[in-house]
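Below: upload-v6.tsv (TSV, C-alpha atoms)
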```
chain	number	residue	atom	x	y	z
U	1022	MET	CA	43.56	-16.74	-220.96
U	1023	LYS	CA	40.22	-14.99	-221.55
U	1024	ILE	CA	39.64	-14.34	-217.84
U	1025	TYR	CA	43.06	-12.64	-217.49
U	1026	LEU	CA	42.34	-10.35	-220.44
U	1027	ILE	CA	39.00	-9.34	-218.94
U	1028	LEU	CA	40.61	-8.71	-215.54
U	1029	LEU	CA	43.15	-6.46	-217.26
U	1030	ALA	CA	40.30	-4.59	-218.96
U	1031	LEU	CA	38.56	-4.17	-215.58
U	1032	PHE	CA	41.75	-2.67	-214.16
U	1033	PHE	CA	41.99	-0.03	-216.88
U	1034	PHE	CA	38.23	0.60	-216.60
U	1035	SER	CA	38.52	1.38	-212.89
U	1036	HIS	CA	41.73	3.38	-213.40
U	1037	SER	CA	40.09	5.60	-216.02
U	1038	PHE	CA	37.16	6.32	-213.68
U	1039	SER	CA	39.44	7.24	-210.80
U	1040	GLN	CA	41.44	9.67	-212.94
U	1041	ASP	CA	38.53	11.56	-214.51
U	1042	ASP	CA	38.94	14.76	-212.46
U	1043	ALA	CA	40.01	15.95	-209.04
U	1044	ASN	CA	36.44	16.31	-207.75
U	1045	SER	CA	35.14	12.92	-208.89
U	1046	LEU	CA	34.66	10.08	-206.42
U	1047	PRO	CA	37.44	7.52	-206.75
U	1048	SER	CA	37.04	4.02	-208.13
U	1049	TYR	CA	39.13	1.05	-207.10
U	1050	PHE	CA	40.32	-2.19	-208.65
U	1051	GLY	CA	40.85	-5.24	-206.48
U	1052	ILE	CA	41.13	-9.00	-206.35
U	1053	GLN	CA	39.10	-11.48	-204.33
U	1054	ILE	CA	39.24	-15.11	-203.32
U	1055	ARG	CA	36.70	-17.09	-201.37
U	1056	PRO	CA	35.98	-20.65	-200.31
U	1057	VAL	CA	32.35	-21.57	-201.00
U	1058	PHE	CA	30.35	-23.85	-198.72
U	1059	PRO	CA	27.09	-25.77	-199.23
U	1060	THR	CA	24.25	-24.66	-197.03
U	1061	SER	CA	20.81	-26.04	-196.19
U	1062	PHE	CA	19.71	-22.62	-194.90
U	1063	ILE	CA	19.26	-21.07	-198.36
U	1064	GLY	CA	19.24	-24.15	-200.57
U	1065	SER	CA	19.56	-27.91	-200.74
U	1066	PRO	CA	23.15	-29.27	-200.68
U	1067	GLU	CA	22.01	-32.83	-201.41
U	1068	THR	CA	20.15	-34.25	-204.39
U	1069	SER	CA	18.81	-37.83	-204.28
U	1070	LEU	CA	17.59	-39.84	-207.28
U	1071	SER	CA	15.93	-43.23	-207.26
U	1072	LYS	CA	14.39	-45.30	-210.05
U	1073	ASP	CA	13.74	-49.04	-210.31
U	1074	GLY	CA	16.25	-49.89	-207.57
U	1075	PHE	CA	18.95	-47.53	-208.92
U	1076	ASN	CA	19.89	-44.94	-206.27
U	1077	VAL	CA	22.12	-41.87	-206.63
U	1078	LYS	CA	23.16	-39.21	-204.09
U	1079	ILE	CA	24.88	-35.97	-205.05
U	1080	ASN	CA	26.35	-33.99	-202.12
U	1081	GLN	CA	27.76	-30.51	-202.63
U	1082	LYS	CA	31.16	-30.00	-200.97
U	1083	ILE	CA	33.54	-27.09	-200.45
U	1084	GLY	CA	34.50	-25.24	-203.63
U	1085	TYR	CA	36.24	-21.99	-204.40
U	1086	SER	CA	35.91	-18.75	-206.32
U	1087	PHE	CA	38.35	-16.02	-207.35
U	1088	GLY	CA	38.51	-13.04	-209.66
U	1089	GLY	CA	38.76	-9.30	-210.04
U	1090	THR	CA	36.42	-6.63	-208.71
U	1091	VAL	CA	35.80	-2.97	-209.52
U	1092	ARG	CA	34.21	-0.55	-207.06
U	1093	VAL	CA	32.81	2.67	-208.52
U	1094	GLY	CA	31.97	5.45	-206.05
U	1095	LEU	CA	28.53	7.05	-206.46
U	1096	THR	CA	28.44	9.05	-203.19
U	1097	LYS	CA	30.63	9.01	-200.09
U	1098	LEU	CA	28.53	6.20	-198.62
U	1099	ILE	CA	27.17	4.41	-201.72
U	1100	ALA	CA	29.04	2.56	-204.46
U	1101	LEU	CA	28.50	0.14	-207.31
U	1102	GLU	CA	30.58	-3.03	-207.31
U	1103	THR	CA	31.12	-5.35	-210.26
U	1104	GLY	CA	33.83	-7.61	-211.63
U	1105	LEU	CA	34.43	-11.07	-213.02
U	1106	ASN	CA	34.79	-14.34	-211.08
U	1107	PHE	CA	35.59	-17.97	-211.74
U	1108	THR	CA	33.65	-20.37	-209.50
U	1109	GLU	CA	34.07	-24.12	-209.06
U	1110	ARG	CA	31.47	-26.15	-207.18
U	1111	ASN	CA	32.51	-29.65	-206.08
U	1112	PHE	CA	30.27	-32.66	-205.48
U	1113	ASN	CA	30.58	-36.19	-204.11
U	1114	LEU	CA	28.65	-38.92	-205.93
U	1115	GLU	CA	27.29	-42.21	-204.58
U	1116	MET	CA	25.70	-44.75	-206.93
U	1117	GLU	CA	24.22	-48.11	-206.02
U	1118	VAL	CA	21.95	-50.92	-207.18
U	1119	PRO	CA	21.55	-53.09	-204.04
U	1120	ASP	CA	19.86	-55.99	-205.88
U	1121	SER	CA	22.85	-56.31	-208.23
U	1122	ASN	CA	25.47	-55.65	-205.53
U	1123	ALA	CA	26.77	-52.77	-207.66
U	1124	PHE	CA	28.18	-49.74	-205.84
U	1125	ALA	CA	30.52	-46.88	-206.76
U	1126	THR	CA	31.65	-43.46	-205.53
U	1127	ASN	CA	33.19	-40.59	-207.44
U	1128	SER	CA	33.44	-36.80	-207.52
U	1129	MET	CA	32.38	-34.09	-209.94
U	1130	SER	CA	33.29	-30.43	-210.42
U	1131	PHE	CA	31.13	-27.86	-212.20
U	1132	ILE	CA	32.53	-24.47	-213.21
U	1133	GLU	CA	31.02	-21.15	-214.20
U	1134	TYR	CA	31.98	-17.51	-214.73
U	1135	ASP	CA	29.91	-14.78	-213.14
U	1136	LEU	CA	29.58	-11.02	-213.48
U	1137	PRO	CA	28.10	-9.57	-210.25
U	1138	ILE	CA	26.39	-6.18	-210.13
U	1139	ASN	CA	25.83	-5.03	-206.54
U	1140	GLY	CA	24.68	-1.85	-204.84
U	1141	LEU	CA	26.90	-1.24	-201.80
U	1142	ILE	CA	26.39	0.93	-198.68
U	1143	TYR	CA	29.18	1.93	-196.27
U	1144	ILE	CA	28.96	2.53	-192.52
U	1145	GLN	CA	32.04	4.22	-191.08
U	1146	LEU	CA	32.97	2.72	-187.70
U	1147	ALA	CA	36.27	4.52	-187.08
U	1148	GLU	CA	38.81	6.58	-189.01
U	1149	ASN	CA	40.06	3.60	-191.04
U	1150	TRP	CA	37.38	0.99	-190.36
U	1151	PHE	CA	34.21	0.55	-192.37
U	1152	MET	CA	31.36	-1.90	-192.44
U	1153	ASN	CA	29.56	-2.42	-195.72
U	1154	ALA	CA	26.63	-4.39	-197.03
U	1155	SER	CA	25.62	-5.05	-200.61
U	1156	ILE	CA	22.88	-6.76	-202.53
U	1157	GLY	CA	22.35	-7.43	-206.19
U	1158	PHE	CA	22.51	-10.13	-208.82
U	1159	ALA	CA	25.09	-11.95	-210.91
U	1160	LEU	CA	25.00	-12.89	-214.57
U	1161	THR	CA	26.46	-16.39	-214.95
U	1162	TYR	CA	27.97	-18.31	-217.86
U	1163	LYS	CA	28.44	-22.09	-217.79
U	1164	PRO	CA	31.03	-23.04	-220.41
U	1165	THR	CA	30.64	-26.83	-220.47
U	1166	ASP	CA	28.77	-29.93	-219.38
U	1167	VAL	CA	30.53	-32.57	-217.28
U	1168	ARG	CA	30.61	-36.39	-217.31
U	1169	VAL	CA	31.75	-39.02	-214.80
U	1170	PHE	CA	32.08	-42.73	-215.63
U	1171	ASN	CA	32.36	-45.71	-213.25
U	1172	SER	CA	32.69	-49.43	-213.90
U	1173	PRO	CA	32.24	-51.19	-210.54
U	1174	GLY	CA	32.73	-54.67	-212.02
U	1175	GLY	CA	31.32	-57.13	-214.51
U	1176	GLU	CA	29.04	-55.58	-217.10
U	1177	ASN	CA	27.75	-52.91	-214.68
U	1178	THR	CA	28.51	-49.29	-215.52
U	1179	PHE	CA	27.42	-45.97	-214.01
U	1180	THR	CA	27.54	-42.74	-216.01
U	1181	ILE	CA	26.68	-39.38	-214.46
U	1182	PHE	CA	26.16	-36.27	-216.59
U	1183	GLY	CA	25.96	-32.68	-215.34
U	1184	VAL	CA	23.97	-31.00	-218.09
U	1185	ARG	CA	23.46	-27.24	-218.41
U	1186	GLY	CA	19.82	-26.31	-218.81
U	1187	SER	CA	21.10	-23.05	-220.28
U	1188	LYS	CA	24.56	-21.57	-220.76
U	1189	LEU	CA	23.41	-18.30	-219.16
U	1190	GLY	CA	21.77	-17.74	-215.79
U	1191	ILE	CA	21.04	-15.21	-213.06
U	1192	ASP	CA	21.81	-15.53	-209.35
U	1193	ALA	CA	20.76	-13.38	-206.41
U	1194	ASN	CA	23.59	-12.46	-204.06
U	1195	ALA	CA	24.18	-10.55	-200.84
U	1196	ASN	CA	27.33	-9.60	-198.94
U	1197	VAL	CA	28.25	-8.10	-195.58
U	1198	GLY	CA	31.70	-7.45	-194.18
U	1199	PHE	CA	34.33	-5.16	-192.71
U	1200	GLU	CA	37.27	-3.41	-194.31
U	1201	PHE	CA	40.37	-1.58	-193.15
U	1202	ARG	CA	41.43	1.30	-195.41
U	1203	THR	CA	44.84	2.86	-195.89
U	1204	LYS	CA	45.84	5.45	-198.49
U	1205	LYS	CA	49.22	3.90	-199.29
U	1206	LYS	CA	48.57	0.15	-198.89
U	1207	GLY	CA	45.00	-0.14	-200.13
U	1208	PHE	CA	41.85	-1.67	-198.62
U	1209	PHE	CA	41.64	-5.03	-196.83
U	1210	TYR	CA	38.20	-6.67	-196.68
U	1211	LEU	CA	36.85	-9.70	-194.81
U	1212	GLY	CA	33.19	-10.68	-195.05
U	1213	GLY	CA	30.59	-13.25	-195.87
U	1214	SER	CA	28.24	-13.73	-198.80
U	1215	ALA	CA	25.39	-15.90	-200.03
U	1216	ARG	CA	24.49	-16.89	-203.58
U	1217	VAL	CA	21.11	-18.28	-204.67
U	1218	PRO	CA	20.55	-19.23	-208.34
U	1219	PHE	CA	17.10	-18.46	-209.76
U	1220	SER	CA	17.18	-21.82	-211.56
U	1221	PRO	CA	19.11	-25.07	-210.98
U	1222	VAL	CA	22.83	-24.80	-211.71
U	1223	PHE	CA	22.65	-27.96	-213.81
U	1224	ASP	CA	20.52	-31.04	-214.41
U	1225	ILE	CA	21.86	-34.39	-213.24
U	1226	VAL	CA	21.35	-37.36	-215.57
U	1227	ALA	CA	22.37	-40.72	-214.06
U	1228	ASN	CA	22.58	-43.90	-216.17
U	1229	TYR	CA	22.97	-47.48	-214.97
U	1230	GLN	CA	23.72	-50.04	-217.70
U	1231	TRP	CA	24.08	-53.81	-217.57
U	1232	GLN	CA	23.78	-56.50	-220.26
U	1233	GLY	CA	22.32	-54.03	-222.75
U	1234	ASN	CA	19.73	-52.72	-220.29
U	1235	LEU	CA	19.47	-49.11	-219.14
U	1236	ILE	CA	17.93	-47.34	-216.15
U	1237	GLN	CA	18.04	-43.55	-216.25
U	1238	ALA	CA	17.26	-41.16	-213.38
U	1239	ILE	CA	17.06	-37.37	-213.82
U	1240	GLY	CA	17.08	-34.55	-211.26
U	1241	GLU	CA	18.19	-30.96	-210.61
U	1242	VAL	CA	21.12	-29.58	-208.60
U	1243	ASP	CA	20.38	-26.39	-206.67
U	1244	GLY	CA	23.94	-25.04	-206.29
U	1245	SER	CA	23.26	-22.35	-203.64
U	1246	PHE	CA	26.21	-21.55	-201.41
U	1247	ARG	CA	27.58	-19.29	-198.71
U	1248	ALA	CA	31.16	-18.03	-198.76
U	1249	ILE	CA	33.89	-16.30	-196.80
U	1250	ASP	CA	35.17	-13.35	-198.84
U	1251	PHE	CA	38.72	-12.02	-198.83
U	1252	LYS	CA	39.25	-8.88	-200.93
U	1253	TYR	CA	42.12	-6.52	-201.50
U	1254	PHE	CA	41.72	-3.18	-203.32
U	1255	PHE	CA	44.82	-1.54	-204.73
U	1256	PRO	CA	45.52	2.06	-203.71
U	1257	ASN	CA	45.02	4.82	-206.26
U	1258	ILE	CA	48.48	6.30	-206.79
U	1259	GLN	CA	48.62	9.88	-208.03
U	1260	ASN	CA	51.37	10.50	-210.56
U	1261	LYS	CA	54.05	12.95	-209.45
U	1262	GLY	CA	55.44	15.74	-211.58
U	1263	PRO	CA	53.94	17.41	-214.65
U	1264	GLN	CA	50.79	15.77	-216.01
U	1265	PHE	CA	50.07	15.15	-219.67
U	1266	ILE	CA	47.46	17.53	-221.10
U	1267	ASP	CA	45.32	16.41	-224.01
U	1268	GLY	CA	45.85	18.50	-227.11
U	1269	PRO	CA	46.81	18.44	-230.77
U	1270	ILE	CA	49.93	16.54	-231.81
U	1271	GLU	CA	52.83	18.91	-232.49
```
If you convert what's in this file into structure tokens, what do you get?
Amino acid sequence: MKIYLILLALFFFSHSFSQDDANSLPSYFGIQIRPVFPTSFIGSPETSLSKDGFNVKINQKIGYSFGGTVRVGLTKLIALETGLNFTERNFNLEMEVPDSNAFATNSMSFIEYDLPINGLIYIQLAENWFMNASIGFALTYKPTDVRVFNSPGGENTFTIFGVRGSKLGIDANANVGFEFRTKKKGFFYLGGSARVPFSPVFDIVANYQWQGNLIQAIGEVDGSFRAIDFKYFFPNIQNKGPQFIDGPIE
């Protein structure tokens, strides 16, 4: 519920900017959705742990992100873009102790909210076509830790924890893409982006227990990703007829 309230606030924020005066540069409110992919080019999609014969592999898989975005015009070719997004990263887990013939697989999802702040530059390619590129950072919030439990048989158990080092974080991000603009139907955007956290997204704590014994392995999950971005910005509709003028109540 909180994310929908904030998206509603972002809509009114952008609407108030766009209606300030006839000479001001317009602002736009939009929505975005994007699949996110692990990448070895800007990060490490796999984390491996090993201790005393206990081996764990954590592989980042395809996730997704969606949210609202606000674009505030600064000049005709420069804008500031912000918003609020929900992001879910997904991981496959493999756990094994070969000497004990214990093996298990599972999956884990880790979520966060992020508030990007990007400087954006336009390049006009044709009357309705634009290319734009942006760079900036994102403030992130991780609401919860995660836990996965496996019992492969007998007295053997595997427990994997995804532990936040901090609830708050900062990521670097960059975007490039193309958009088609219409006055009546809004803007349609397709592009790509990359996200690189300045610190690990979470710490991985892996426990193997048997007959009262415990082996624990600890590591860090990078969490960098690339994404395909789909955005739609709503058109700014001018009200027809007489406009309300601020003044004293009569």
For region 1183-1193 of chain U, please output as a PDB file with C-alpha atoms, keeping the file's coordinate frame all residues within 8 Å (counting only C-alpha atoms; exclusion window: fewer than 3 positions along the same chain).
```pdb
ATOM      1  CA  PHE U1131      31.130 -27.860-212.200  1.00  0.00           C
ATOM      2  CA  ILE U1156      22.880  -6.760-202.530  1.00  0.00           C
ATOM      3  CA  GLY U1157      22.350  -7.430-206.190  1.00  0.00           C
ATOM      4  CA  PHE U1158      22.510 -10.130-208.820  1.00  0.00           C
ATOM      5  CA  ALA U1159      25.090 -11.950-210.910  1.00  0.00           C
ATOM      6  CA  LEU U1160      25.000 -12.890-214.570  1.00  0.00           C
ATOM      7  CA  THR U1161      26.460 -16.390-214.950  1.00  0.00           C
ATOM      8  CA  TYR U1162      27.970 -18.310-217.860  1.00  0.00           C
ATOM      9  CA  LYS U1163      28.440 -22.090-217.790  1.00  0.00           C
ATOM     10  CA  PRO U1164      31.030 -23.040-220.410  1.00  0.00           C
ATOM     11  CA  THR U1165      30.640 -26.830-220.470  1.00  0.00           C
ATOM     12  CA  ASP U1166      28.770 -29.930-219.380  1.00  0.00           C
ATOM     13  CA  VAL U1167      30.530 -32.570-217.280  1.00  0.00           C
ATOM     14  CA  ARG U1168      30.610 -36.390-217.310  1.00  0.00           C
ATOM     15  CA  ARG U1216      24.490 -16.890-203.580  1.00  0.00           C
ATOM     16  CA  VAL U1217      21.110 -18.280-204.670  1.00  0.00           C
ATOM     17  CA  PRO U1218      20.550 -19.230-208.340  1.00  0.00           C
ATOM     18  CA  PHE U1219      17.100 -18.460-209.760  1.00  0.00           C
ATOM     19  CA  SER U1220      17.180 -21.820-211.560  1.00  0.00           C
ATOM     20  CA  PRO U1221      19.110 -25.070-210.980  1.00  0.00           C
ATOM     21  CA  VAL U1222      22.830 -24.800-211.710  1.00  0.00           C
ATOM     22  CA  PHE U1223      22.650 -27.960-213.810  1.00  0.00           C
ATOM     23  CA  ASP U1224      20.520 -31.040-214.410  1.00  0.00           C
ATOM     24  CA  ILE U1225      21.860 -34.390-213.240  1.00  0.00           C
ATOM     25  CA  VAL U1226      21.350 -37.360-215.570  1.00  0.00           C
TER      26      VAL U1226
END
```
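Our summary of the geometry notes that CA of Arg1247 (chain U) is positioned 22.7 Å from CA of Ile1144 (chain U).
For region 1170-1172 of chain U, the set of protein, DNA and RNA residues having any atom at most 9 Å away, when counting only C-alpha atoms and skipping those fewer than 4 positions along the same chain, is Ala1125, Thr1126, Asn1127, Glu1176, Asn1177, Thr1178, Phe1179, Thr1180, Ile1181 and Phe1182 of chain U.
Going from CA of Phe1107 (chain U) over to CA of Arg1055 (chain U), you cover 10.5 Å.
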Just the residues within 6 Å of Asn1113 (chain U), please, counting all atoms listed in the file, with nothing from its chain fewer than 3 positions along; format it as number ranges by chain.
U: 1079-1080, 1128
Quick one, how far is CA of Tyr1085 (chain U) from CA of Ile1249 (chain U)?
9.8 Å
Report the centre and edge lengths, in Å to one decimal, of an axis-aligned box enclosing every atom of region 1198-1213 of chain U listed in the file, padded by 6 Å on each side, as JSON.
```
{"center_x": 39.9, "center_y": -3.9, "center_z": -196.4, "size_x": 30.6, "size_y": 30.7, "size_z": 19.4}
```
Can you list, as a PDB file with C-alpha atoms, in the coordinates of the input, every protein, DNA or RNA residue that comes within 6 Å of Gln1053 (chain U) when you count all atoms listed in the file, leaving out same-chain residues fewer than 3 positions away?
```
ATOM      1  CA  PHE U1087      38.350 -16.020-207.350  1.00  0.00           C
ATOM      2  CA  GLY U1088      38.510 -13.040-209.660  1.00  0.00           C
ATOM      3  CA  PHE U1251      38.720 -12.020-198.830  1.00  0.00           C
ATOM      4  CA  LYS U1252      39.250  -8.880-200.930  1.00  0.00           C
TER       5      LYS U1252
END
```
Long-range neighbours of region 1065-1073 of chain U as a list in words, 8 Å cut-off, all atoms listed in the file, 3 positions minimum in chain:
Pro1059, Thr1060, Ser1061, Phe1062, Asn1076, Val1077, Lys1078, Ile1079, Asn1080, Gln1081, Ile1236, Gln1237, Ala1238, Ile1239, Gly1240, Glu1241, Val1242, Asp1243, Gly1244 and Ser1245 of chain U
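For the set U:Ala1154, U:Ile1258, U:Leu1114, U:Ala1248, the residue with the smallest atom-to-atom gap to Ala1227 (chain U) is U:Leu1114, counting all atoms listed in the file.
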Given the point (28.7, -10.8, -208.1) in the file's coordinates, find the residues that have an atom at most 6 Å from it, counting only C-alpha atoms, and give them as a PyMOL selection string.
chain U and resi 1136-1138+1159
From the options U:Arg1110, U:Ser1155, U:Leu1101, U:Ser1086, which residue's atoms come nearest to Asp1135 (chain U), counting all atoms listed in the file?
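Looking at the shortest contact to Asp1135 (chain U), the residue is U:Ser1086.
Take the candidates U:Gly1051, U:Gly1233, U:Gly1140, U:Gly1175 and check each one against Ala1100 (chain U) using all atoms listed in the file; the shortest distance goes to U:Gly1140.
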Would you list the residues near (42.9, 7.3, -204.1), meaning any protein, DNA or RNA residue with an atom at most 7 Å from that point in file coordinates, counting all atoms listed in the file, as a PyMOL selection string?
chain U and resi 1047+1204+1256-1258
Nearest to Gly1074 (chain U) among U:Leu1046, U:Val1057, U:Ile1099, U:Tyr1229, with distances taken over all atoms listed in the file: which residue is it?
U:Tyr1229
Coordinate excerpt as a PDB file, in the first residue's frame: region 1156-1179 of chain U, N, CA, C and O atoms:
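See result-v2.pdb below for the written result:
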```pdb
ATOM      1  N   ILE U1156      22.560   9.583 -16.327  1.00  0.00           N
ATOM      2  CA  ILE U1156      23.468   8.983 -15.353  1.00  0.00           C
ATOM      3  C   ILE U1156      23.175   9.598 -13.997  1.00  0.00           C
ATOM      4  O   ILE U1156      22.739  10.749 -13.897  1.00  0.00           O
ATOM      5  N   GLY U1157      23.364   8.812 -12.964  1.00  0.00           N
ATOM      6  CA  GLY U1157      23.085   9.319 -11.624  1.00  0.00           C
ATOM      7  C   GLY U1157      23.267   8.232 -10.590  1.00  0.00           C
ATOM      8  O   GLY U1157      24.092   7.323 -10.746  1.00  0.00           O
ATOM      9  N   PHE U1158      22.468   8.302  -9.540  1.00  0.00           N
ATOM     10  CA  PHE U1158      22.555   7.329  -8.461  1.00  0.00           C
ATOM     11  C   PHE U1158      21.153   7.038  -7.944  1.00  0.00           C
ATOM     12  O   PHE U1158      20.184   7.729  -8.286  1.00  0.00           O
ATOM     13  N   ALA U1159      21.045   5.994  -7.154  1.00  0.00           N
ATOM     14  CA  ALA U1159      19.759   5.616  -6.577  1.00  0.00           C
ATOM     15  C   ALA U1159      19.929   5.341  -5.093  1.00  0.00           C
ATOM     16  O   ALA U1159      20.865   4.634  -4.691  1.00  0.00           O
ATOM     17  N   LEU U1160      19.050   5.913  -4.306  1.00  0.00           N
ATOM     18  CA  LEU U1160      18.986   5.605  -2.884  1.00  0.00           C
ATOM     19  C   LEU U1160      18.126   4.360  -2.711  1.00  0.00           C
ATOM     20  O   LEU U1160      17.015   4.291  -3.243  1.00  0.00           O
ATOM     21  N   THR U1161      18.615   3.357  -2.002  1.00  0.00           N
ATOM     22  CA  THR U1161      17.907   2.086  -1.883  1.00  0.00           C
ATOM     23  C   THR U1161      17.508   1.811  -0.435  1.00  0.00           C
ATOM     24  O   THR U1161      18.195   2.219   0.505  1.00  0.00           O
ATOM     25  N   TYR U1162      16.401   1.097  -0.294  1.00  0.00           N
ATOM     26  CA  TYR U1162      15.925   0.665   1.025  1.00  0.00           C
ATOM     27  C   TYR U1162      15.595  -0.819   0.958  1.00  0.00           C
ATOM     28  O   TYR U1162      14.823  -1.253   0.085  1.00  0.00           O
ATOM     29  N   LYS U1163      16.169  -1.596   1.858  1.00  0.00           N
ATOM     30  CA  LYS U1163      15.954  -3.043   1.905  1.00  0.00           C
ATOM     31  C   LYS U1163      15.081  -3.345   3.118  1.00  0.00           C
ATOM     32  O   LYS U1163      15.542  -3.246   4.258  1.00  0.00           O
ATOM     33  N   PRO U1164      13.826  -3.708   2.909  1.00  0.00           N
ATOM     34  CA  PRO U1164      12.892  -3.809   4.032  1.00  0.00           C
ATOM     35  C   PRO U1164      13.076  -5.027   4.922  1.00  0.00           C
ATOM     36  O   PRO U1164      12.658  -5.011   6.080  1.00  0.00           O
ATOM     37  N   THR U1165      13.680  -6.113   4.418  1.00  0.00           N
ATOM     38  CA  THR U1165      13.705  -7.327   5.226  1.00  0.00           C
ATOM     39  C   THR U1165      14.853  -8.253   4.835  1.00  0.00           C
ATOM     40  O   THR U1165      15.349  -8.201   3.707  1.00  0.00           O
ATOM     41  N   ASP U1166      15.262  -9.091   5.778  1.00  0.00           N
ATOM     42  CA  ASP U1166      16.163 -10.202   5.484  1.00  0.00           C
ATOM     43  C   ASP U1166      15.344 -11.363   4.905  1.00  0.00           C
ATOM     44  O   ASP U1166      14.104 -11.351   4.953  1.00  0.00           O
ATOM     45  N   VAL U1167      16.034 -12.362   4.377  1.00  0.00           N
ATOM     46  CA  VAL U1167      15.348 -13.545   3.852  1.00  0.00           C
ATOM     47  C   VAL U1167      16.000 -14.803   4.413  1.00  0.00           C
ATOM     48  O   VAL U1167      17.163 -14.788   4.842  1.00  0.00           O
ATOM     49  N   ARG U1168      15.236 -15.914   4.374  1.00  0.00           N
ATOM     50  CA  ARG U1168      15.725 -17.188   4.921  1.00  0.00           C
ATOM     51  C   ARG U1168      15.162 -18.330   4.090  1.00  0.00           C
ATOM     52  O   ARG U1168      13.989 -18.329   3.717  1.00  0.00           O
ATOM     53  N   VAL U1169      16.019 -19.310   3.787  1.00  0.00           N
ATOM     54  CA  VAL U1169      15.617 -20.507   3.049  1.00  0.00           C
ATOM     55  C   VAL U1169      16.094 -21.721   3.831  1.00  0.00           C
ATOM     56  O   VAL U1169      17.251 -21.775   4.266  1.00  0.00           O
ATOM     57  N   PHE U1170      15.211 -22.712   3.991  1.00  0.00           N
ATOM     58  CA  PHE U1170      15.528 -23.908   4.778  1.00  0.00           C
ATOM     59  C   PHE U1170      15.351 -25.151   3.920  1.00  0.00           C
ATOM     60  O   PHE U1170      14.378 -25.281   3.172  1.00  0.00           O
ATOM     61  N   ASN U1171      16.322 -26.085   4.015  1.00  0.00           N
ATOM     62  CA  ASN U1171      16.245 -27.364   3.314  1.00  0.00           C
ATOM     63  C   ASN U1171      16.615 -28.495   4.252  1.00  0.00           C
ATOM     64  O   ASN U1171      17.561 -28.376   5.043  1.00  0.00           O
ATOM     65  N   SER U1172      15.878 -29.614   4.131  1.00  0.00           N
ATOM     66  CA  SER U1172      16.210 -30.820   4.873  1.00  0.00           C
ATOM     67  C   SER U1172      16.344 -31.964   3.873  1.00  0.00           C
ATOM     68  O   SER U1172      15.356 -32.606   3.493  1.00  0.00           O
ATOM     69  N   PRO U1173      17.564 -32.221   3.387  1.00  0.00           N
ATOM     70  CA  PRO U1173      17.742 -33.216   2.326  1.00  0.00           C
ATOM     71  C   PRO U1173      17.580 -34.660   2.777  1.00  0.00           C
ATOM     72  O   PRO U1173      17.534 -35.570   1.957  1.00  0.00           O
ATOM     73  N   GLY U1174      17.486 -34.906   4.079  1.00  0.00           N
ATOM     74  CA  GLY U1174      17.301 -36.273   4.558  1.00  0.00           C
ATOM     75  C   GLY U1174      18.106 -36.540   5.812  1.00  0.00           C
ATOM     76  O   GLY U1174      19.153 -35.927   6.050  1.00  0.00           O
ATOM     77  N   GLY U1175      17.596 -37.441   6.635  1.00  0.00           N
ATOM     78  CA  GLY U1175      18.282 -37.759   7.881  1.00  0.00           C
ATOM     79  C   GLY U1175      18.307 -36.568   8.815  1.00  0.00           C
ATOM     80  O   GLY U1175      17.343 -35.820   8.940  1.00  0.00           O
ATOM     81  N   GLU U1176      19.438 -36.377   9.473  1.00  0.00           N
ATOM     82  CA  GLU U1176      19.590 -35.250  10.385  1.00  0.00           C
ATOM     83  C   GLU U1176      20.314 -34.075   9.717  1.00  0.00           C
ATOM     84  O   GLU U1176      20.722 -33.131  10.393  1.00  0.00           O
ATOM     85  N   ASN U1177      20.474 -34.105   8.399  1.00  0.00           N
ATOM     86  CA  ASN U1177      21.150 -33.036   7.674  1.00  0.00           C
ATOM     87  C   ASN U1177      20.167 -31.907   7.357  1.00  0.00           C
ATOM     88  O   ASN U1177      19.069 -32.153   6.861  1.00  0.00           O
ATOM     89  N   THR U1178      20.574 -30.689   7.645  1.00  0.00           N
ATOM     90  CA  THR U1178      19.760 -29.520   7.289  1.00  0.00           C
ATOM     91  C   THR U1178      20.663 -28.414   6.750  1.00  0.00           C
ATOM     92  O   THR U1178      21.791 -28.229   7.209  1.00  0.00           O
ATOM     93  N   PHE U1179      20.150 -27.700   5.756  1.00  0.00           N
ATOM     94  CA  PHE U1179      20.806 -26.520   5.203  1.00  0.00           C
ATOM     95  C   PHE U1179      19.917 -25.312   5.473  1.00  0.00           C
ATOM     96  O   PHE U1179      18.711 -25.359   5.221  1.00  0.00           O
TER      97      PHE U1179
END
```
